[in-house]
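Structure first, then comments.
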Amino acid sequence: MASTLPGIHLNGARFSTKLNNPVMTERIPSPPSKCNPAPSKVLRRPREQRTRSQQKQAQPVELSKLETQRYRNSYFHTLCLEVLKGGFHRAFAEVFALVKDQQINIDAAGANSLVQDRTLLADQHAKLDRMKQHLTEAELGLRIGDMHKVYSSRLKLANHFLEIGDLWLSDHFFQSCLDSALTITDDDKRVVGEAHCNLGLACERRKQFDEAAAHFEEFYALAKEKQWRTEDDVSLHSEACEHLRRLYTAIADTQRNTDQEIQCLIKTCEMAKESNNRRGEGESSYRLGQAYERAGDSEMALQYLTRYMDLCRGYKDHEGLGKACEAIAKCYERQGKLDEVVHYLQMFGELAEKTGQQKAHCRAYSCLGSIHNSLGQYSEASQFFGKAFLRA
């Protein structure tokens with residue numbers, strides 16, 4: 001006898017093997033879990049609102065040609081287009097030339113050069129914006145013939161780049177300031193003098209002392225003739241003398257030939273006298289005396305060293321007085337005048353003791369001991385050597 005087959009389930013309906021009619025069974029949902037709360041209802045936007053939003057998103061954004069280029073091109077390219085669109089062809093040409101020159105210099109330096117790591121001007125947006133602002137101002141001034149506006153705009157650029165340490169750009173705009181200043185004829189050449197002064201300082205920063213001297217001397221000649229003064233009542237003539245005094249001193253430091261060093265230091269002294277800078281004159285006189293001493297001219301050395309001593313007395317520089325006495329004593333020693341040597345060394349020792357310069361004090365007594373020993377005055381020599389030993 002055949003066995004009874006199990007019932008077949010199809011889509012929730014159970015078919016009986018005995019009956020042809022399916023028996024439908026209902027599924028009873030399980031109760032909600034106490035651990036998992038029922039999900040919150042999701043609020044759906046109406047179909048019309050969703051459709052409008054999708055239509056807005058699908059609409060293409062209309063951009064102008066310039067706005068489109070901002071997305072497609074580099075910042076430098078876009079800035080150049082904006083400058084040209086404004087009609088500022090000179091500003092565009094100058095900025096473009098600066099970017100091109102920098103790239104040429106970097107390529108010429110070679111692949112192993114440190115300049116390869118520098119950020120290109122074309123990628124420095126703040127600098128490009130600053131140049132765009134002031135160069136367009138300068139070009140507007142040029143169109144109406146206002147050369148003072150041209151000069152001031154370029155001077156702002158030069159001072160800005162100097163403040164942030166970009167000497168290449170600051171030097172470029174200081175040079176362009178001079179070119180603009182030479183076209184100004186209604187201010188008695190004052191801006192020309194100022195431009196020469198700024199360029200002299202720029203050359204001095206680059207250690208180009210000959211070029212700096214040329215610009216400072218132009219500034220000095222104009223300031224001496226015109227007797228200009230600043231708003232703070234400072235004489236520009238004195239300022240020019242100070243620039244030249246400082247520069248001639250720096251040039252003297254680079255000289256290996258004593259005669260050339262002396263010539264530079266003589267100019268230094270003259271500029272200090274002309275500007276009525278007593279301390280500067282004293283320092284220059286001391287250095288000049290030392291240079292003459294190295295050259296073997298003791299008489300000229302004594303002349304300038306004595307001047308230095310008198311100046312130190314005037315502004316009560318006891319340390320400087322001690323230096324002067326020591327240097328004068330060496331000059332007299334070269335001449336064999338031992339009495340004068342002893343006199344100035346004793347003065348040097350007293351000043352060193354007064355100012356608390358222990359090493360100088362020891363050096364003075366040691367020199368005095370050596371001189372007394374050479375003269376056969378052994379008792380005095382022993383005393384001075386003992387004092388030097390106690391202060392060593």
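Just so we're on the same page: first chain in the structure tokens is A, next is B, and so on; residues restart at 1 for each chain, and ligands are numbered from 1 in the order they show up.
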**OP:** Find the spatial neighbours of stretch 179-181 of chain A, counting only C-alpha atoms, within a cut-off of 6 Å - ignore same-chain residues fewer than 3 positions away - and output them as a PyMOL selection string.
**Re:** chain A and resi 151+176+184+191-192
Restricting the output to C-alpha atoms, write the selected residues as an mmCIF file, in the first residue's frame.
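Output file part.cif follows:
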data_model
loop_
_atom_site.group_PDB
_atom_site.id
_atom_site.type_symbol
_atom_site.label_atom_id
_atom_site.label_comp_id
_atom_site.auth_asym_id
_atom_site.auth_seq_id
_atom_site.Cartn_x
_atom_site.Cartn_y
_atom_site.Cartn_z
ATOM 1 C CA TYR A 151 56.002 107.481 -7.634
ATOM 2 C CA SER A 176 61.415 102.079 -10.850
ATOM 3 C CA ILE A 184 58.990 115.015 -11.541
ATOM 4 C CA VAL A 191 61.950 112.758 -4.540
ATOM 5 C CA VAL A 192 65.032 112.190 -6.702
#
Original post:
Using only C-alpha atoms, which residues sit within 8 Å of stretch 114-123 of chain A once same-chain residues fewer than 3 positions away are excluded, as a list in words?
Top reply: Tyr75, Phe76, Val99, Gln102, Gln103, Ile106, Ala109, Gly110, Ala111, Lys127 and Leu128 of chain A
Subject >> Point-to-point distance in Å for atom CA of A:Trp168 and atom CA of A:Arg205 >> reply: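 Rounded to one decimal, the two atoms are 11.3 Å apart.
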**OP:** For A:Phe216, work out the shell of residues within 9 Å, counting only C-alpha atoms and skipping chain neighbours fewer than 4 positions away, then give it as number ranges by chain.
**Re:** A: 193, 196-201, 211-212, 220-221, 240-241, 243-244, 247
Filtering to all heavy atoms, could you give me those residues as an mmCIF file, in the first residue's frame?
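Dumped everything to selection.cif:
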data_model
loop_
_atom_site.group_PDB
_atom_site.id
_atom_site.type_symbol
_atom_site.label_atom_id
_atom_site.label_comp_id
_atom_site.auth_asym_id
_atom_site.auth_seq_id
_atom_site.Cartn_x
_atom_site.Cartn_y
_atom_site.Cartn_z
ATOM 1 N N GLY A 193 66.285 112.757 -4.685
ATOM 2 C CA GLY A 193 67.207 112.480 -3.588
ATOM 3 C C GLY A 193 66.742 111.308 -2.737
ATOM 4 O O GLY A 193 67.540 110.437 -2.363
ATOM 5 N N HIS A 196 67.374 108.067 -4.630
ATOM 6 C CA HIS A 196 68.789 107.692 -4.580
ATOM 7 C C HIS A 196 69.140 107.105 -3.208
ATOM 8 O O HIS A 196 69.902 106.130 -3.122
ATOM 9 C CB HIS A 196 69.672 108.898 -4.870
ATOM 10 C CG HIS A 196 69.879 109.165 -6.324
ATOM 11 N ND1 HIS A 196 70.493 108.257 -7.169
ATOM 12 C CD2 HIS A 196 69.561 110.242 -7.104
ATOM 13 C CE1 HIS A 196 70.548 108.754 -8.398
ATOM 14 N NE2 HIS A 196 69.998 109.948 -8.386
ATOM 15 N N CYS A 197 68.594 107.682 -2.161
ATOM 16 C CA CYS A 197 68.863 107.167 -0.811
ATOM 17 C C CYS A 197 68.341 105.742 -0.667
ATOM 18 O O CYS A 197 69.037 104.854 -0.141
ATOM 19 C CB CYS A 197 68.216 108.085 0.222
ATOM 20 S SG CYS A 197 68.449 107.551 1.936
ATOM 21 N N ASN A 198 67.110 105.502 -1.133
ATOM 22 C CA ASN A 198 66.532 104.159 -1.041
ATOM 23 C C ASN A 198 67.326 103.138 -1.851
ATOM 24 O O ASN A 198 67.533 102.003 -1.406
ATOM 25 C CB ASN A 198 65.078 104.177 -1.513
ATOM 26 C CG ASN A 198 64.163 104.886 -0.537
ATOM 27 O OD1 ASN A 198 64.414 104.884 0.673
ATOM 28 N ND2 ASN A 198 63.112 105.502 -1.028
ATOM 29 N N LEU A 199 67.777 103.550 -3.024
ATOM 30 C CA LEU A 199 68.576 102.634 -3.847
ATOM 31 C C LEU A 199 69.949 102.387 -3.224
ATOM 32 O O LEU A 199 70.495 101.278 -3.317
ATOM 33 C CB LEU A 199 68.735 103.192 -5.257
ATOM 34 C CG LEU A 199 67.723 102.703 -6.294
ATOM 35 C CD1 LEU A 199 67.984 103.361 -7.643
ATOM 36 C CD2 LEU A 199 67.746 101.194 -6.442
ATOM 37 N N GLY A 200 70.513 103.409 -2.585
ATOM 38 C CA GLY A 200 71.780 103.215 -1.882
ATOM 39 C C GLY A 200 71.652 102.196 -0.761
ATOM 40 O O GLY A 200 72.509 101.319 -0.598
ATOM 41 N N LEU A 201 70.555 102.278 -0.012
ATOM 42 C CA LEU A 201 70.320 101.307 1.056
ATOM 43 C C LEU A 201 70.114 99.905 0.480
ATOM 44 O O LEU A 201 70.569 98.908 1.063
ATOM 45 C CB LEU A 201 69.101 101.724 1.886
ATOM 46 C CG LEU A 201 69.273 102.991 2.725
ATOM 47 C CD1 LEU A 201 67.930 103.436 3.289
ATOM 48 C CD2 LEU A 201 70.264 102.751 3.860
ATOM 49 N N GLU A 211 78.180 100.617 -5.859
ATOM 50 C CA GLU A 211 76.907 101.155 -6.348
ATOM 51 C C GLU A 211 76.196 101.954 -5.255
ATOM 52 O O GLU A 211 75.609 103.012 -5.519
ATOM 53 C CB GLU A 211 75.996 100.030 -6.833
ATOM 54 C CG GLU A 211 76.475 99.324 -8.093
ATOM 55 C CD GLU A 211 77.444 98.191 -7.791
ATOM 56 O OE1 GLU A 211 77.992 98.150 -6.667
ATOM 57 O OE2 GLU A 211 77.673 97.366 -8.692
ATOM 58 N N ALA A 212 76.283 101.458 -4.022
ATOM 59 C CA ALA A 212 75.663 102.175 -2.906
ATOM 60 C C ALA A 212 76.306 103.544 -2.715
ATOM 61 O O ALA A 212 75.613 104.548 -2.488
ATOM 62 C CB ALA A 212 75.783 101.344 -1.626
ATOM 63 N N TYR A 220 73.646 112.915 -1.114
ATOM 64 C CA TYR A 220 74.396 113.876 -0.312
ATOM 65 C C TYR A 220 74.521 115.212 -1.046
ATOM 66 O O TYR A 220 74.327 116.286 -0.446
ATOM 67 C CB TYR A 220 75.781 113.293 -0.008
ATOM 68 C CG TYR A 220 76.792 114.292 0.503
ATOM 69 C CD1 TYR A 220 76.782 114.707 1.827
ATOM 70 C CD2 TYR A 220 77.768 114.823 -0.348
ATOM 71 C CE1 TYR A 220 77.710 115.634 2.299
ATOM 72 C CE2 TYR A 220 78.691 115.738 0.107
ATOM 73 C CZ TYR A 220 78.662 116.141 1.428
ATOM 74 O OH TYR A 220 79.578 117.047 1.885
ATOM 75 N N ALA A 221 74.836 115.166 -2.338
ATOM 76 C CA ALA A 221 75.011 116.408 -3.111
ATOM 77 C C ALA A 221 73.712 117.212 -3.154
ATOM 78 O O ALA A 221 73.713 118.443 -2.981
ATOM 79 C CB ALA A 221 75.487 116.073 -4.519
ATOM 80 N N ALA A 240 72.338 112.115 5.118
ATOM 81 C CA ALA A 240 73.189 111.669 4.014
ATOM 82 C C ALA A 240 74.627 111.463 4.484
ATOM 83 O O ALA A 240 75.294 110.497 4.090
ATOM 84 C CB ALA A 240 73.139 112.691 2.882
ATOM 85 N N CYS A 241 75.119 112.368 5.345
ATOM 86 C CA CYS A 241 76.478 112.226 5.893
ATOM 87 C C CYS A 241 76.604 110.936 6.704
ATOM 88 O O CYS A 241 77.625 110.238 6.618
ATOM 89 C CB CYS A 241 76.822 113.425 6.775
ATOM 90 S SG CYS A 241 77.049 114.967 5.874
ATOM 91 N N HIS A 243 74.839 108.159 6.335
ATOM 92 C CA HIS A 243 74.851 107.016 5.411
ATOM 93 C C HIS A 243 76.238 106.822 4.802
ATOM 94 O O HIS A 243 76.749 105.692 4.722
ATOM 95 C CB HIS A 243 73.823 107.225 4.305
ATOM 96 C CG HIS A 243 72.401 107.068 4.748
ATOM 97 N ND1 HIS A 243 71.991 106.069 5.599
ATOM 98 C CD2 HIS A 243 71.279 107.788 4.440
ATOM 99 C CE1 HIS A 243 70.681 106.173 5.807
ATOM 100 N NE2 HIS A 243 70.237 107.190 5.117
ATOM 101 N N LEU A 244 76.853 107.924 4.393
ATOM 102 C CA LEU A 244 78.183 107.821 3.787
ATOM 103 C C LEU A 244 79.235 107.407 4.813
ATOM 104 O O LEU A 244 80.146 106.636 4.498
ATOM 105 C CB LEU A 244 78.557 109.155 3.141
ATOM 106 C CG LEU A 244 77.896 109.437 1.789
ATOM 107 C CD1 LEU A 244 78.175 110.860 1.335
ATOM 108 C CD2 LEU A 244 78.364 108.457 0.731
ATOM 109 N N LEU A 247 78.877 103.723 5.288
ATOM 110 C CA LEU A 247 79.289 102.983 4.091
ATOM 111 C C LEU A 247 80.802 103.003 3.923
ATOM 112 O O LEU A 247 81.409 101.969 3.618
ATOM 113 C CB LEU A 247 78.608 103.573 2.864
ATOM 114 C CG LEU A 247 78.875 102.827 1.556
ATOM 115 C CD1 LEU A 247 78.249 101.444 1.592
ATOM 116 C CD2 LEU A 247 78.348 103.610 0.372
#
Each residue of stretch 251-292 of chain A with at least one atom at most 12 Å from stretch 327-341 of chain A should appear once, together with its nearest atom pair and the corresponding distance in Å (one decimal); atoms considered: only C-alpha atoms; ordering: chain, then increasing residue number; output as a tab-separated table.
residue	atom	partner	partner_atom	distance
A:Ser285	CA	A:Ala327	CA	11.9
A:Tyr286	CA	A:Ala327	CA	8.8
A:Arg287	CA	A:Ala327	CA	10.5
A:Leu288	CA	A:Ala327	CA	11.6
A:Gly289	CA	A:Ala327	CA	8.4
A:Gln290	CA	A:Ala327	CA	7.6
A:Ala291	CA	A:Ala327	CA	11.3
A:Tyr292	CA	A:Cys331	CA	10.0
**OP:** Please provide the set of residues having any atom within 8 Å of A:Ser170, restricted to only C-alpha atoms, with same-chain residues fewer than 6 positions apart removed, written as a PyMOL selection string.
**Re:** chain A and resi 157-162
Please dump the current selection as an mmCIF file, in the first residue's frame; keep N, CA and C atoms.
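Result file follows (selection-v4.cif):
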data_model
loop_
_atom_site.group_PDB
_atom_site.id
_atom_site.type_symbol
_atom_site.label_atom_id
_atom_site.label_comp_id
_atom_site.auth_asym_id
_atom_site.auth_seq_id
_atom_site.Cartn_x
_atom_site.Cartn_y
_atom_site.Cartn_z
ATOM 1 N N LEU A 157 54.793 99.729 -3.083
ATOM 2 C CA LEU A 157 55.151 98.351 -3.436
ATOM 3 C C LEU A 157 56.552 98.014 -2.942
ATOM 4 N N ALA A 158 57.511 98.921 -3.154
ATOM 5 C CA ALA A 158 58.891 98.666 -2.739
ATOM 6 C C ALA A 158 58.980 98.479 -1.225
ATOM 7 N N ASN A 159 58.320 99.346 -0.472
ATOM 8 C CA ASN A 159 58.373 99.243 0.997
ATOM 9 C C ASN A 159 57.658 97.994 1.497
ATOM 10 N N HIS A 160 56.557 97.625 0.839
ATOM 11 C CA HIS A 160 55.839 96.413 1.248
ATOM 12 C C HIS A 160 56.709 95.173 1.065
ATOM 13 N N PHE A 161 57.323 95.039 -0.089
ATOM 14 C CA PHE A 161 58.156 93.850 -0.338
ATOM 15 C C PHE A 161 59.416 93.861 0.527
ATOM 16 N N LEU A 162 59.893 95.052 0.878
ATOM 17 C CA LEU A 162 61.031 95.125 1.801
ATOM 18 C C LEU A 162 60.631 94.634 3.191
#
Original post:
Can you list, as a ChimeraX atom specification, every residue of stretch 166-286 of chain A that DSSP puts in alpha helix (DSSP H)?
Top reply: /A:167-181,190-205,209-226,236-254,258-274,278-286
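Between atom CA of A:Ser152 and atom CA of A:His134 the separation is 9.2 Å.
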Subject >> Shell of 10 Å around stretch 349-358 of chain A, only C-alpha atoms, local chain residues under 3 positions omitted, as number ranges by chain >> reply: A: 317-323, 325-326, 344-346, 361-368, 388, 391-392
Take the residues that were just selected and, keeping C-alpha atoms, output them as a PDB file, in the first residue's frame.
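Ended up saving to part-v1.pdb:
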ATOM      1  CA  ASP A 317      83.587 107.979  27.705  1.00  0.00           C
ATOM      2  CA  HIS A 318      86.085 106.583  30.232  1.00  0.00           C
ATOM      3  CA  GLU A 319      86.429 103.276  28.424  1.00  0.00           C
ATOM      4  CA  GLY A 320      87.255 105.113  25.213  1.00  0.00           C
ATOM      5  CA  LEU A 321      89.782 107.251  27.105  1.00  0.00           C
ATOM      6  CA  GLY A 322      91.523 104.084  28.246  1.00  0.00           C
ATOM      7  CA  LYS A 323      91.674 102.760  24.672  1.00  0.00           C
ATOM      8  CA  CYS A 325      95.803 106.069  26.236  1.00  0.00           C
ATOM      9  CA  GLU A 326      96.854 102.509  25.412  1.00  0.00           C
ATOM     10  CA  TYR A 344      99.951 107.156  29.281  1.00  0.00           C
ATOM     11  CA  LEU A 345     100.113 103.585  30.562  1.00  0.00           C
ATOM     12  CA  GLN A 346      99.632 104.815  34.129  1.00  0.00           C
ATOM     13  CA  HIS A 361      93.862  96.937  34.184  1.00  0.00           C
ATOM     14  CA  CYS A 362      96.028  93.799  34.183  1.00  0.00           C
ATOM     15  CA  ARG A 363      97.330  94.606  30.703  1.00  0.00           C
ATOM     16  CA  ALA A 364      98.310  98.159  31.705  1.00  0.00           C
ATOM     17  CA  TYR A 365     100.305  97.023  34.768  1.00  0.00           C
ATOM     18  CA  SER A 366     101.959  94.228  32.790  1.00  0.00           C
ATOM     19  CA  CYS A 367     103.137  96.731  30.156  1.00  0.00           C
ATOM     20  CA  LEU A 368     104.404  99.072  32.873  1.00  0.00           C
ATOM     21  CA  ALA A 388      99.107  92.479  37.174  1.00  0.00           C
ATOM     22  CA  ARG A 391      94.283  91.049  38.777  1.00  0.00           C
ATOM     23  CA  ALA A 392      94.868  88.245  36.272  1.00  0.00           C
TER      24      ALA A 392
END
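Among the candidates A:Ala301, A:Glu137, A:Glu204, A:Ala223, the one nearest to A:Asp188 when counting only C-alpha atoms is A:Ala223.
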Original post:
Separation of atom CA of A:Gln124 and atom CA of A:Val95, in Å?
Top reply: 12.3 Å
Original post:
Using only C-alpha atoms, which residue out of A:Phe96, A:Ala91, A:Leu169, A:Gly369 lies closest to A:Gly386?
Top reply: A:Gly369
When you look at A:Met147 with a cut-off of 12 Å (counting only C-alpha atoms), what residues show up, excluding the ones that are within fewer than 2 positions of it in the same chain? I need them as a CSV table (one decimal) with N, CA and C atoms, in the first residue's frame.
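Saved file around.csv follows:
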chain,number,residue,atom,x,y,z
A,137,GLU,N,47.1,101.5,-10.0
A,137,GLU,CA,47.0,102.9,-9.5
A,137,GLU,C,48.1,103.7,-10.2
A,138,ALA,N,49.3,103.2,-10.4
A,138,ALA,CA,50.3,103.9,-11.0
A,138,ALA,C,50.0,104.2,-12.5
A,139,GLU,N,49.4,103.3,-13.1
A,139,GLU,CA,49.0,103.5,-14.5
A,139,GLU,C,47.9,104.5,-14.7
A,140,LEU,N,47.0,104.5,-13.8
A,140,LEU,CA,46.0,105.6,-13.8
A,140,LEU,C,46.6,106.9,-13.6
A,141,GLY,N,47.6,107.0,-12.7
A,141,GLY,CA,48.3,108.3,-12.5
A,141,GLY,C,49.0,108.7,-13.7
A,142,LEU,N,49.6,107.8,-14.4
A,142,LEU,CA,50.4,108.1,-15.6
A,142,LEU,C,49.4,108.6,-16.7
A,143,ARG,N,48.2,108.1,-16.8
A,143,ARG,CA,47.3,108.5,-17.8
A,143,ARG,C,46.9,110.0,-17.6
A,144,ILE,N,46.8,110.4,-16.4
A,144,ILE,CA,46.4,111.8,-16.1
A,144,ILE,C,47.6,112.7,-15.9
A,145,GLY,N,48.8,112.2,-16.0
A,145,GLY,CA,50.0,113.0,-15.9
A,145,GLY,C,50.4,113.3,-14.5
A,149,LYS,N,51.7,110.5,-8.1
A,149,LYS,CA,50.9,109.3,-7.9
A,149,LYS,C,51.6,108.0,-8.3
A,150,VAL,N,52.3,108.1,-9.5
A,150,VAL,CA,53.1,107.0,-10.0
A,150,VAL,C,54.2,106.7,-9.0
A,151,TYR,N,54.9,107.7,-8.6
A,151,TYR,CA,56.0,107.5,-7.6
A,151,TYR,C,55.5,106.9,-6.3
A,152,SER,N,54.5,107.4,-5.7
A,152,SER,CA,54.0,107.0,-4.4
A,152,SER,C,53.5,105.5,-4.5
A,153,SER,N,52.8,105.2,-5.6
A,153,SER,CA,52.3,103.8,-5.8
A,153,SER,C,53.4,102.8,-5.8
A,154,ARG,N,54.5,103.1,-6.6
A,154,ARG,CA,55.6,102.2,-6.7
A,154,ARG,C,56.4,102.2,-5.4
A,177,CYS,N,61.1,103.5,-8.9
A,177,CYS,CA,60.8,104.8,-8.2
A,177,CYS,C,61.8,105.9,-8.7
A,178,LEU,N,63.1,105.5,-8.8
A,178,LEU,CA,64.0,106.5,-9.3
A,178,LEU,C,63.7,106.9,-10.7
A,179,ASP,N,63.3,106.0,-11.6
A,179,ASP,CA,62.9,106.3,-13.0
A,179,ASP,C,61.7,107.3,-13.0
A,180,SER,N,60.7,107.0,-12.1
A,180,SER,CA,59.6,107.9,-12.0
A,180,SER,C,59.9,109.3,-11.4
A,181,ALA,N,60.8,109.3,-10.4
A,181,ALA,CA,61.2,110.5,-9.8
A,181,ALA,C,61.9,111.5,-10.7
A,182,LEU,N,62.7,110.9,-11.6
A,182,LEU,CA,63.4,111.8,-12.6
A,182,LEU,C,62.5,112.6,-13.5
A,183,THR,N,61.2,112.1,-13.6
A,183,THR,CA,60.2,112.8,-14.5
A,183,THR,C,59.5,113.9,-13.7
A,184,ILE,N,59.7,114.0,-12.4
A,184,ILE,CA,59.0,115.0,-11.5
A,184,ILE,C,59.8,116.3,-11.5
A,185,THR,N,59.2,117.4,-11.8
A,185,THR,CA,60.0,118.7,-11.9
A,185,THR,C,59.5,119.8,-11.0
A,186,ASP,N,58.5,119.5,-10.2
A,186,ASP,CA,57.9,120.6,-9.4
A,186,ASP,C,58.2,120.5,-7.9
A,187,ASP,N,59.2,119.7,-7.5
A,187,ASP,CA,59.5,119.5,-6.1
A,187,ASP,C,61.0,119.8,-5.7
A,191,VAL,N,62.2,114.2,-4.4
A,191,VAL,CA,61.9,112.8,-4.5
A,191,VAL,C,63.1,112.0,-5.2
Original post:
Which one of A:Gly87, A:Gly376, A:Gly165, A:Gly282 sits closest to A:Arg307 if you count only C-alpha atoms?
Top reply: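 Among the listed residues, A:Gly282 lies closest to A:Arg307.
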